Structures are given as structure tokens and as C-alpha cells.
$ cat my_file_20.txt   # compact mmCIF, C-alpha atoms
# COMPACT_ATOMS: atom_id res chain seq x y z
CA MET M 1 0.00 0.00 0.00
CA SER M 2 1.32 3.43 -0.99
CA ARG M 3 0.48 6.97 0.06
CA VAL M 4 -0.18 8.87 -3.16
CA LEU M 5 -0.76 12.50 -4.13
CA ILE M 6 -2.16 13.06 -7.65
CA THR M 7 -2.45 16.54 -9.15
CA GLY M 8 -5.27 17.16 -11.59
CA GLY M 9 -6.91 14.11 -10.05
CA ALA M 10 -10.58 15.11 -10.37
CA SER M 11 -10.86 14.30 -14.08
CA GLY M 12 -9.19 12.58 -17.02
CA LEU M 13 -6.09 10.49 -16.49
CA GLY M 14 -5.62 11.79 -12.95
CA LEU M 15 -9.07 10.53 -11.96
CA ALA M 16 -8.46 7.19 -13.68
CA LEU M 17 -5.17 6.79 -11.80
CA ALA M 18 -6.81 7.73 -8.49
CA THR M 19 -9.55 5.16 -9.04
CA ALA M 20 -7.11 2.42 -10.05
CA MET M 21 -4.79 3.11 -7.12
CA LEU M 22 -7.65 3.08 -4.63
CA ALA M 23 -8.78 -0.25 -6.07
CA ARG M 24 -5.38 -1.79 -5.37
CA GLY M 25 -5.43 -0.54 -1.78
CA ASP M 26 -3.43 2.70 -1.93
CA GLU M 27 -4.23 5.78 0.13
CA VAL M 28 -4.90 8.61 -2.31
CA LEU M 29 -4.99 12.39 -1.94
CA VAL M 30 -6.43 14.14 -5.00
CA GLY M 31 -5.37 17.71 -5.77
CA ASP M 32 -7.38 19.88 -8.16
CA LEU M 33 -8.60 23.43 -8.77
CA ALA M 34 -12.01 23.38 -7.10
CA GLU M 35 -12.29 24.97 -3.68
CA GLU M 36 -14.70 22.25 -2.53
CA ARG M 37 -14.33 18.52 -3.16
CA PRO M 38 -15.71 17.74 -6.66
CA ASP M 39 -18.35 15.02 -6.95
CA SER M 40 -16.10 13.20 -9.41
CA VAL M 41 -13.44 12.42 -6.77
CA PRO M 42 -13.92 8.75 -5.89
CA GLU M 43 -15.12 7.67 -2.48
CA GLY M 44 -12.15 6.76 -0.32
CA ALA M 45 -9.86 9.45 -1.73
CA ALA M 46 -9.08 12.61 0.23
CA TYR M 47 -9.12 15.99 -1.51
CA VAL M 48 -7.06 19.17 -1.33
CA ARG M 49 -7.35 22.37 -3.38
CA LEU M 50 -4.17 22.50 -5.47
CA ASP M 51 -3.49 24.93 -8.29
CA VAL M 52 -0.07 23.83 -9.54
CA ARG M 53 0.76 27.46 -10.41
CA SER M 54 0.53 28.44 -6.73
CA GLN M 55 3.45 27.74 -4.40
CA GLN M 56 1.09 28.57 -1.53
CA ASP M 57 -1.17 25.69 -2.62
CA TRP M 58 1.83 23.37 -2.89
CA ASP M 59 2.94 24.32 0.61
CA ALA M 60 -0.57 23.63 1.90
CA ALA M 61 -0.57 20.23 0.17
CA LEU M 62 2.77 19.39 1.80
CA ALA M 63 1.39 20.37 5.21
CA ASP M 64 -1.69 18.22 4.56
CA VAL M 65 0.44 15.21 3.63
CA ARG M 66 2.65 15.62 6.70
CA GLU M 67 -0.37 15.87 9.00
CA ARG M 68 -2.38 13.12 7.29
CA TRP M 69 0.32 10.50 6.73
CA GLY M 70 3.63 11.80 8.00
CA GLY M 71 5.20 11.03 4.62
CA LEU M 72 4.57 10.27 0.97
CA ASP M 73 5.43 7.30 -1.24
CA LEU M 74 4.33 8.52 -4.66
CA LEU M 75 3.86 11.97 -6.18
CA VAL M 76 2.03 11.99 -9.52
CA ASN M 77 2.46 15.32 -11.33
CA ASN M 78 -0.45 14.93 -13.71
CA ALA M 79 -2.17 18.34 -13.94
CA GLY M 80 -1.95 19.95 -17.36
CA VAL M 81 -3.73 21.85 -20.10
CA ALA M 82 -3.94 21.48 -23.86
CA THR M 83 -2.58 24.14 -26.16
CA GLY M 84 -1.35 24.46 -29.68
CA GLY M 85 -0.97 26.85 -32.55
CA ARG M 86 1.31 28.05 -35.28
CA ILE M 87 4.21 30.19 -34.11
CA ASP M 88 2.87 33.35 -35.77
CA VAL M 89 -0.71 32.81 -34.57
CA GLU M 90 -0.50 31.59 -30.98
CA ALA M 91 -0.31 34.41 -28.45
CA PHE M 92 2.67 34.75 -26.14
CA ALA M 93 0.26 34.67 -23.20
CA ASP M 94 -0.70 31.13 -24.24
CA TRP M 95 2.98 30.17 -24.16
CA GLU M 96 3.27 31.58 -20.65
CA ARG M 97 0.16 29.70 -19.50
CA VAL M 98 1.21 26.29 -20.78
CA ILE M 99 4.78 26.62 -19.50
CA ASP M 100 3.52 27.74 -16.08
CA ILE M 101 1.10 24.83 -15.73
CA ASN M 102 2.54 21.94 -17.74
CA LEU M 103 6.22 22.46 -16.97
CA LEU M 104 6.65 24.75 -13.97
CA GLY M 105 3.75 23.04 -12.21
CA VAL M 106 5.81 19.84 -12.32
CA VAL M 107 8.93 21.68 -11.16
CA ARG M 108 7.06 23.16 -8.20
CA GLY M 109 5.76 19.74 -7.23
CA CYS M 110 9.21 18.18 -7.35
CA GLN M 111 10.83 21.02 -5.43
CA THR M 112 8.12 20.89 -2.76
CA PHE M 113 8.12 17.14 -2.12
CA VAL M 114 11.68 15.96 -2.82
CA PRO M 115 12.87 17.05 0.64
CA LEU M 116 10.13 14.94 2.23
CA LEU M 117 11.04 11.93 0.09
CA LYS M 118 14.71 12.40 0.96
CA GLU M 119 13.83 12.41 4.67
CA ARG M 120 12.35 8.93 4.26
CA GLY M 121 15.10 7.73 1.95
CA SER M 122 12.68 6.30 -0.60
CA GLY M 123 9.75 7.19 -2.83
CA ARG M 124 8.75 7.77 -6.41
CA ILE M 125 7.83 10.68 -8.66
CA VAL M 126 5.76 10.06 -11.79
CA ASN M 127 5.56 13.01 -14.18
CA VAL M 128 2.89 12.93 -16.86
CA ALA M 129 4.26 14.40 -20.09
CA SER M 130 2.99 13.36 -23.52
CA LEU M 131 4.15 11.71 -26.71
CA ALA M 132 4.54 15.36 -27.77
CA GLY M 133 7.49 15.50 -25.40
CA LEU M 134 9.30 12.94 -27.57
CA VAL M 135 8.10 13.61 -31.12
CA HIS M 136 7.41 17.15 -32.23
CA GLY M 137 4.82 17.71 -34.93
CA PRO M 138 4.09 21.09 -36.54
CA ALA M 139 1.83 23.80 -35.08
CA MET M 140 2.18 22.55 -31.50
CA SER M 141 5.37 24.34 -30.49
CA SER M 142 4.27 25.58 -27.05
CA TYR M 143 2.82 22.22 -26.00
CA ASN M 144 5.75 20.30 -27.47
CA ALA M 145 8.27 22.53 -25.71
CA ALA M 146 6.53 22.25 -22.33
CA LYS M 147 6.19 18.47 -22.51
CA ALA M 148 9.74 18.02 -23.80
CA GLY M 149 10.81 20.00 -20.74
CA VAL M 150 8.97 17.53 -18.51
CA VAL M 151 10.75 14.63 -20.20
CA ALA M 152 14.14 16.32 -19.74
CA LEU M 153 13.39 17.19 -16.12
CA SER M 154 12.33 13.62 -15.40
CA GLU M 155 15.45 12.08 -16.93
CA THR M 156 17.62 14.52 -14.99
CA LEU M 157 15.89 13.75 -11.70
CA ARG M 158 15.97 10.00 -12.31
CA PHE M 159 19.78 10.19 -12.15
CA GLU M 160 19.95 12.94 -9.53
CA LEU M 161 17.58 11.34 -7.02
CA ALA M 162 18.53 7.67 -7.41
CA PRO M 163 21.28 7.92 -4.73
CA PHE M 164 18.53 8.94 -2.28
CA GLY M 165 16.33 5.95 -3.07
CA ILE M 166 13.86 8.00 -5.13
CA ALA M 167 12.71 6.64 -8.49
CA VAL M 168 11.42 8.88 -11.30
CA ASN M 169 9.30 7.90 -14.29
CA VAL M 170 7.80 9.99 -17.08
CA VAL M 171 4.58 9.03 -18.87
CA CYS M 172 4.27 9.83 -22.59
CA PRO M 173 0.81 8.86 -23.88
CA SER M 174 -0.51 9.64 -27.32
CA PHE M 175 -4.09 10.90 -27.76
CA PHE M 176 -6.75 9.25 -25.60
CA ARG M 177 -10.35 10.11 -24.72
CA THR M 178 -10.44 12.68 -21.94
CA ASN M 179 -11.70 16.18 -21.23
CA LEU M 180 -8.30 17.76 -21.95
CA HIS M 181 -9.67 19.59 -24.98
CA THR M 182 -11.89 21.71 -22.70
CA SER M 183 -8.74 23.53 -21.52
CA LEU M 184 -8.01 24.86 -25.01
CA GLN M 185 -8.26 28.65 -25.19
CA GLY M 186 -5.75 29.83 -27.79
CA LYS M 187 -6.10 31.98 -30.91
CA ASP M 188 -5.38 29.29 -33.52
CA GLU M 189 -8.90 27.96 -34.16
CA GLU M 190 -7.76 25.60 -36.93
CA MET M 191 -5.37 23.81 -34.59
CA GLU M 192 -7.98 23.69 -31.83
CA LYS M 193 -10.42 21.90 -34.17
CA THR M 194 -7.74 19.34 -34.98
CA ALA M 195 -6.87 18.81 -31.32
CA VAL M 196 -10.52 18.34 -30.32
CA ARG M 197 -11.01 15.76 -33.05
CA LEU M 198 -7.88 13.82 -32.13
CA ILE M 199 -8.76 13.73 -28.42
CA THR M 200 -12.49 12.99 -28.66
CA LYS M 201 -12.13 10.37 -31.42
CA ALA M 202 -9.18 8.51 -29.87
CA GLY M 203 -9.55 4.78 -29.35
CA ALA M 204 -8.11 4.48 -25.84
CA SER M 205 -9.84 5.70 -22.68
CA ALA M 206 -8.24 7.28 -19.61
CA ASP M 207 -8.81 3.98 -17.77
CA ASP M 208 -6.89 2.10 -20.48
CA ILE M 209 -3.96 4.49 -20.15
CA ALA M 210 -4.03 4.38 -16.33
CA ALA M 211 -3.72 0.59 -16.36
CA LYS M 212 -0.67 0.81 -18.62
CA VAL M 213 0.86 3.53 -16.47
CA LEU M 214 0.59 1.33 -13.38
CA ARG M 215 2.28 -1.54 -15.22
CA GLY M 216 5.04 0.81 -16.35
CA ILE M 217 5.57 1.98 -12.77
CA GLU M 218 5.73 -1.62 -11.53
CA LYS M 219 8.43 -2.35 -14.12
CA ASP M 220 10.16 0.98 -13.32
CA ARG M 221 10.35 2.02 -16.96
CA PRO M 222 12.13 5.39 -17.23
CA VAL M 223 9.82 6.43 -20.08
CA ILE M 224 6.35 4.89 -20.02
CA LEU M 225 4.82 4.69 -23.50
CA THR M 226 1.19 3.63 -23.45
CA ASP M 227 0.11 2.80 -27.00
CA ARG M 228 1.16 1.37 -30.33
CA GLN M 229 1.09 4.79 -31.98
CA GLY M 230 3.57 6.11 -29.45
CA TYR M 231 5.98 3.20 -29.88
CA ALA M 232 5.75 3.55 -33.68
CA ALA M 233 6.29 7.33 -33.75
CA TYR M 234 9.15 7.33 -31.26
CA GLY M 235 10.76 4.29 -32.86
CA THR M 236 10.56 5.89 -36.30
CA LYS M 237 12.20 9.07 -35.03
CA ARG M 238 15.06 7.12 -33.45
CA PHE M 239 15.68 4.45 -36.06
CA ALA M 240 14.13 5.63 -39.35
CA ARG M 241 14.57 9.39 -39.27
CA PRO M 242 13.88 10.02 -42.99
CA LEU M 243 10.40 8.45 -42.60
CA TYR M 244 9.75 10.57 -39.52
CA ASP M 245 10.82 13.77 -41.30
CA ARG M 246 8.70 12.92 -44.33
CA ALA M 247 5.56 12.22 -42.25
CA PHE M 248 5.73 15.46 -40.28
CA GLY M 249 6.81 17.41 -43.35
CA LYS M 250 3.64 16.28 -45.14
CA GLY M 251 1.60 17.28 -42.12
CA ALA M 252 3.13 20.75 -42.20
CA GLN M 253 2.35 21.08 -45.91
CA ARG M 254 -1.30 20.19 -45.28
CA LEU M 255 -1.52 22.83 -42.55
CA ALA M 256 0.07 25.43 -44.82
CA ARG M 257 -2.47 24.69 -47.58
CA LYS M 258 -5.37 25.05 -45.14
CA ALA M 259 -4.00 28.34 -43.86
CA ALA M 260 -3.73 29.67 -47.43
CA LYS M 261 -7.42 29.10 -48.15

$ encode --input "my_file_20.txt" --output "C-alpha cells"
Amino acid sequence: MSRVLITGGASGLGLALATAMLARGDEVLVGDLAEERPDSVPEGAAYVRLDVRSQQDWDAALADVRERWGGLDLLVNNAGVATGGRIDVEAFADWERVIDINLLGVVRGCQTFVPLLKERGSGRIVNVASLAGLVHGPAMSSYNAAKAGVVALSETLRFELAPFGIAVNVVCPSFFRTNLHTSLQGKDEEMEKTAVRLITKAGASADDIAAKVLRGIEKDRPVILTDRQGYAAYGTKRFARPLYDRAFGKGAQRLARKAAK
């Protein structure tokens, strides 16, 4: 049994992970934006208001964990938003928003809880990135950059924290059915339409991805890929780069033609 804190745990993958971890007997604390406990939070999980942009909220979550359990076994940095857009269309404010939430939110979580994990001499951090952190298609530069930062941070911390008994994994799923598209609020309407279609029409559910994440954690995979599309895309980039370049180059040409209409 583990003591687990999950950010963004009231919906999507965070909720699926919370439900799966409760089912296996873990103690779960869900963090999310609502002031009051959302109805979606499963029975048996505790709740704390946690905006990952707020160091004050992180400090309150740390105090809650210390009082509730006296320690933590697993921190899941899951909270995130969707964004996307061509470099000359997406507003700089959208860049700042996605970096603050998707990347710096993870940094704040790690900085807040690593001292507690070091005190115990063991623990695990699981950072939820995206396949976009590994393969970088056109018109998604802000999202790609933020998620690539999460991948780089996770690899760095995996080495840095291993001497203290702390494991680090990064999750890189492709598109799956969730409510992530509701967080879109950028200026590039064409890219938003594409993102909504890819998310809402995806074959895998959040529960499917959560099950694969748990298996990846059990096997301590440094990078947890969750679907065939992810393995294919990442494998092509690494071992068949001309095919990778051609595929994304064609995608960019299609976007350019749409923009010209």
C-alpha cells in the first residue's frame, strides 16, 4: 500500500489513476482546482485544493500530507492543459500559461516534495508528459516545448535522485479520450479543431492508459509509453529518421495549404 498525491486528479487520467490506485489498496490524496471537493473524486480518496501554479497551494498540500500520513510514497504530477498553434498565430500569453502549468507546475511539485522523500530515503515521482514530449509535430510548439521539458526534467531527476532511493518515471501517452480539450483557449482555431477531433475520437480511454501507467511503474520504466502509436512514432524518429521527417513534413504542408485558403 502506498500513500499517493495526484495533481489534476478530479478528471481525465488523474481521476483514472486515483480510481485504479484506490482499487489496489493505496491511500490517495487528490489535488485539483475546485475549492470544494468535486463530486467526481472517488469515495475513499481525500481531496485538497491544489493549483499547480501556486506555491502557496503546494505548501498547503505538503502540510496536509505531513499531518495526514507523516510522509509520501508517490507523487504523480499529472495536472496539465492542452494548447497548440502556429508560431505566428498563438499568443505569447498562451505560451506563458502552458509553461507555467505543464512544466513549472511539475517543477514546483518536485521542489516541494523531494525534501520529504529524501527524509524517508525512498519514494517515487511520476511526471505525466505526452508523446509530444518525444516527437514534435508542426503547429504545437508551445505544447511540445513544455512536454519536452517535462521529459528532460524527469530524466535529470531520475539520475539525480537515485542515490537517495527515489525513483522517477515519465509518462508519454498519445491521444486518448479525456476532457483535456476543454482547456483549449488559444487563438489558432484551426489547430484547436484538430486537437478536439484527435482527443475525442481517440480509441483508448483514460482507464486504459491508467492501467498501462501502473504496469510501467511496476516495471520501473524510465519512459512509459502507453500505446502502439507512441511506440511507432518514437521508434521511427530514433531508427528511421527520414520516414519521420517525411511524415511530419507532409503534415506541415497540409496545414500550410489550409491556412492559405

$ residues_around --input "my_file_20.txt" --residues "M:Val76" --least-positions-apart "5" --cutoff "10 Å" --atoms "only C-alpha atoms" --output "count of residues only"
20

$ residues_around --input "my_file_20.txt" --residues "stretch 22-27 of chain M" --least-positions-apart "4" --cutoff "10 Å" --atoms "all atoms listed in the file" --output "PDB file with C-alpha atoms, in the coordinates of the input"
ATOM      1  CA  MET M   1       0.000   0.000   0.000  1.00  0.00           C
ATOM      2  CA  SER M   2       1.320   3.430  -0.990  1.00  0.00           C
ATOM      3  CA  ARG M   3       0.480   6.970   0.060  1.00  0.00           C
ATOM      4  CA  VAL M   4      -0.180   8.870  -3.160  1.00  0.00           C
ATOM      5  CA  LEU M   5      -0.760  12.500  -4.130  1.00  0.00           C
ATOM      6  CA  ALA M  16      -8.460   7.190 -13.680  1.00  0.00           C
ATOM      7  CA  LEU M  17      -5.170   6.790 -11.800  1.00  0.00           C
ATOM      8  CA  ALA M  18      -6.810   7.730  -8.490  1.00  0.00           C
ATOM      9  CA  PRO M  42     -13.920   8.750  -5.890  1.00  0.00           C
ATOM     10  CA  GLU M  43     -15.120   7.670  -2.480  1.00  0.00           C
ATOM     11  CA  GLY M  44     -12.150   6.760  -0.320  1.00  0.00           C
ATOM     12  CA  ALA M  45      -9.860   9.450  -1.730  1.00  0.00           C
ATOM     13  CA  ALA M  46      -9.080  12.610   0.230  1.00  0.00           C
ATOM     14  CA  TRP M  69       0.320  10.500   6.730  1.00  0.00           C
ATOM     15  CA  LEU M  72       4.570  10.270   0.970  1.00  0.00           C
ATOM     16  CA  ASP M  73       5.430   7.300  -1.240  1.00  0.00           C
TER      17      ASP M  73
END

$ atom_distance --input "my_file_20.txt" --atom1 "atom CA of M:Leu117" --atom2 "atom CA of M:Lys147"
24.0 Å

$ closest_residue --input "my_file_20.txt" --among "M:Ser40, M:Val107, M:Gly137, M:Arg66" --to "M:Gln253" --atoms "all atoms listed in the file"
M:Gly137

$ atom_distance --input "my_file_20.txt" --atom1 "atom CA of M:Glu155" --atom2 "atom CA of M:Ser122"
17.5 Å

$ atom_distance --input "my_file_20.txt" --atom1 "atom CA of M:Ala139" --atom2 "atom CA of M:Gly85"
4.9 Å

$ residues_near_point --input "my_file_20.txt" --point "(-9.6, 16.3, -1.1)" --cutoff "10 Å" --atoms "all atoms listed in the file" --output "VMD selection string"
chain M and resid 9 to 10 28 to 32 34 to 38 41 to 42 44 to 50 61 64

$ residues_around --input "my_file_20.txt" --residues "stretch 220-227 of chain M" --least-positions-apart "3" --cutoff "7 Å" --atoms "all atoms listed in the file" --output "PDB file with C-alpha atoms, in the frame of the given file"
ATOM      1  CA  VAL M 168      11.420   8.880 -11.300  1.00  0.00           C
ATOM      2  CA  ASN M 169       9.300   7.900 -14.290  1.00  0.00           C
ATOM      3  CA  VAL M 170       7.800   9.990 -17.080  1.00  0.00           C
ATOM      4  CA  VAL M 171       4.580   9.030 -18.870  1.00  0.00           C
ATOM      5  CA  CYS M 172       4.270   9.830 -22.590  1.00  0.00           C
ATOM      6  CA  PRO M 173       0.810   8.860 -23.880  1.00  0.00           C
ATOM      7  CA  SER M 174      -0.510   9.640 -27.320  1.00  0.00           C
ATOM      8  CA  ILE M 209      -3.960   4.490 -20.150  1.00  0.00           C
ATOM      9  CA  LYS M 212      -0.670   0.810 -18.620  1.00  0.00           C
ATOM     10  CA  VAL M 213       0.860   3.530 -16.470  1.00  0.00           C
ATOM     11  CA  GLY M 216       5.040   0.810 -16.350  1.00  0.00           C
ATOM     12  CA  ILE M 217       5.570   1.980 -12.770  1.00  0.00           C
ATOM     13  CA  GLY M 230       3.570   6.110 -29.450  1.00  0.00           C
ATOM     14  CA  TYR M 231       5.980   3.200 -29.880  1.00  0.00           C
TER      15      TYR M 231
END

$ closest_residue --input "my_file_20.txt" --among "M:Gly105, M:Ala93, M:Asn77, M:Gly12" --to "M:Gln55" --atoms "all atoms listed in the file"
M:Gly105

$ residues_around --input "my_file_20.txt" --residues "M:Ile99" --least-positions-apart "2" --cutoff "9 Å" --atoms "all atoms listed in the file" --output "number ranges by chain"
M: 94-97, 101-105, 142-143, 145-147

$ axis_aligned_box --input "my_file_20.txt" --around "stretch 140-148 of chain M" --padding-each-side "4 Å" --output "lines of an AutoDock Vina configuration file"
center_x = 6.0
center_y = 21.8
center_z = -26.9
size_x = 15.6
size_y = 15.6
size_z = 17.2

$ closest_residue --input "my_file_20.txt" --among "M:Ala232, M:Gly123, M:Val52, M:Pro115" --to "M:Leu74" --atoms "only C-alpha atoms"
M:Gly123

$ residues_around --input "my_file_20.txt" --residues "M:Leu134" --least-positions-apart "4" --cutoff "8 Å" --atoms "only C-alpha atoms" --output "list in words"
Ser130, Ala148, Val151, Cys172 and Tyr234 of chain M
